[in-house]
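Engineer: A single structure is presented below for examination.
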Amino acid sequence: ARTRRRRGRGKRISNARNMSLSSSAFIEGFAKSASMTVVSEIGDKTFFIAAVMAMKHARSAVFLGAWLALAVMTALSAVVGSAAPRLIDPATTRACATALFFVFGARAVFEAVGASDGESELTEVEAEFATRGRRTSTRTTRSSSAAAKKRGGSAKKAPARGASRSTFAEAFVVTFCAEWGDRSQIATIGLAAASDVLGVTLGGILAHAACTGLAVIGGRHLASKVNERFVGGAGGVLFLLFGAHALFTA
C-alpha cells in the first residue's frame, strides 16, 4: 500500500512538473512572438497598407482582411517551424533558427544605422496604391462606357455592390503577398522551431490584431510620429537578444 501511495505521489509530482514546464514554454513562446511581431510590424509595409486602405475604405473590412491574412501567414509559418525538427535533426534546426535571429538582427541594426532619410515605407505604399487606383479607374471608365453604348444611352452610376467584400478581398490579398518572405514570417518559423508552437501562434496572431487595429485607427497619424529607423533598430536588437537567448539556453 505504501509503495502504491509513493508511486501515485511520484506521478502527481511528475505531472505537475510537466504542466509547469509546458506552461512556462507557452508563456515564453507567446511573449517572444508577440514582442517580435510588434517591433517588426509597426512601420512595416503591411502596417502602412492597412493605414492607407483604411483612409479610403471601410475600416472594419480593411481590418478583417489584413488581420486574417497575417493570421493565416502566422499559422502557416508556425506549422512549418514546428515540423522542421521532425524532418531535420533538432540540434541542426535550433542552430539554424539561432543563426537566423543573428543574421536578421544584425541586418536590421545595420540598415537602421546606415539608412538615409530617403523615401519612407508610407510614401512607397501610397505611390503603389495611387498607381493601382489610376489603373482601376481607367478600366472602370472603359467598361462603363461600353455598357452605356450597348444600352443606347448614358448609364447612371450604379451604386457599388459588395464594396465591403471587395475591400476585404483586396486587403487580404495585398497584405498576404506583402508579408510573404518578410523577416517576421521567417522569424516566426524560427521561433516555432525552438519554442512552444501554440504560444508562438497565439502571440503572433494577437500582436498582429493589435498592430493592424492601430494602423486602421490612426496609422497615418502614427507614421508622422514614429521614427522608422528607430523602430527598425529596436527590432534588430530584439532579434539579437533572441539569438543570444537561444544560443545560451541550447
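Starting from 1 in every chain, residues are counted up; chains themselves are A, B, ... following the order of the C-alpha cells, and ligands are numbered from 1 as listed.
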Got a sec: who's within 10 Å of region 22-35 of chain A, counting only C-alpha atoms, leaving out chain neighbours fewer than 2 positions off, as a PyMOL selection string?
Structural biologist: chain A and resi 16-20+37-40+74+184+187-188+191-192+194-208+210+235+238-239+242
Engineer: Compile the contact shell of Ala66 (chain A) as a count of residues only: residues with an atom at most 8 Å away, counting only C-alpha atoms, same-chain residues fewer than 6 positions apart removed.
Structural biologist: 7
Engineer: Measure the distance from CA of Thr98 (chain A) to CA of Gly190 (chain A) in Å and round it to one decimal.
Structural biologist: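 One can read the CA of Thr98 (chain A) to CA of Gly190 (chain A) distance as 7.6 Å.
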Engineer: Might you pull out every residue within 10 Å of Ala234 (chain A), with only C-alpha atoms counted and same-chain residues fewer than 6 positions away left off, and present them as a PDB file with N, CA, C and O atoms, in the first residue's frame?
Structural biologist:
ATOM      1  N   MET A  36       8.222  40.247 -30.870  1.00  0.00           N
ATOM      2  CA  MET A  36       8.857  40.265 -32.184  1.00  0.00           C
ATOM      3  C   MET A  36       7.911  40.823 -33.238  1.00  0.00           C
ATOM      4  O   MET A  36       8.300  41.626 -34.096  1.00  0.00           O
ATOM      5  N   VAL A  39       7.450  44.840 -32.834  1.00  0.00           N
ATOM      6  CA  VAL A  39       8.569  45.671 -33.299  1.00  0.00           C
ATOM      7  C   VAL A  39       8.832  45.478 -34.793  1.00  0.00           C
ATOM      8  O   VAL A  39       9.431  46.345 -35.442  1.00  0.00           O
ATOM      9  N   SER A  40       8.368  44.354 -35.359  1.00  0.00           N
ATOM     10  CA  SER A  40       8.576  44.118 -36.789  1.00  0.00           C
ATOM     11  C   SER A  40       7.501  44.766 -37.643  1.00  0.00           C
ATOM     12  O   SER A  40       7.767  45.212 -38.765  1.00  0.00           O
ATOM     13  N   GLY A 105      18.848  40.210 -37.095  1.00  0.00           N
ATOM     14  CA  GLY A 105      19.101  41.272 -36.135  1.00  0.00           C
ATOM     15  C   GLY A 105      20.215  42.198 -36.583  1.00  0.00           C
ATOM     16  O   GLY A 105      20.067  43.427 -36.539  1.00  0.00           O
ATOM     17  N   ALA A 108      19.075  44.313 -39.554  1.00  0.00           N
ATOM     18  CA  ALA A 108      18.152  45.390 -39.188  1.00  0.00           C
ATOM     19  C   ALA A 108      18.891  46.544 -38.516  1.00  0.00           C
ATOM     20  O   ALA A 108      18.621  47.719 -38.792  1.00  0.00           O
ATOM     21  N   VAL A 109      19.819  46.217 -37.628  1.00  0.00           N
ATOM     22  CA  VAL A 109      20.592  47.268 -36.953  1.00  0.00           C
ATOM     23  C   VAL A 109      21.457  48.017 -37.957  1.00  0.00           C
ATOM     24  O   VAL A 109      21.547  49.253 -37.931  1.00  0.00           O
ATOM     25  N   ALA A 112      19.296  50.288 -40.009  1.00  0.00           N
ATOM     26  CA  ALA A 112      18.816  51.433 -39.226  1.00  0.00           C
ATOM     27  C   ALA A 112      19.920  52.472 -39.027  1.00  0.00           C
ATOM     28  O   ALA A 112      19.673  53.681 -39.103  1.00  0.00           O
ATOM     29  N   GLU A 228      11.028  55.520 -38.280  1.00  0.00           N
ATOM     30  CA  GLU A 228      11.161  54.171 -38.827  1.00  0.00           C
ATOM     31  C   GLU A 228      12.533  53.578 -38.546  1.00  0.00           C
ATOM     32  O   GLU A 228      12.671  52.374 -38.317  1.00  0.00           O
ATOM     33  N   LEU A 240      18.574  40.107 -32.016  1.00  0.00           N
ATOM     34  CA  LEU A 240      19.883  39.713 -31.478  1.00  0.00           C
ATOM     35  C   LEU A 240      19.734  39.117 -30.080  1.00  0.00           C
ATOM     36  O   LEU A 240      20.423  38.142 -29.733  1.00  0.00           O
TER      37      LEU A 240
END
Engineer: What's the separation between CA of His57 (chain A) and CA of Ala209 (chain A), in Å to one decimal place?
Structural biologist: 18.3 Å
Engineer: Go through A:Gly243, A:Pro90, A:Gly114, A:Gly81 and flag the residue nearest Ile186 (chain A), using only C-alpha atoms for the distances.
Structural biologist: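 With only C-alpha atoms as the atom set, the closest residue is A:Gly81.
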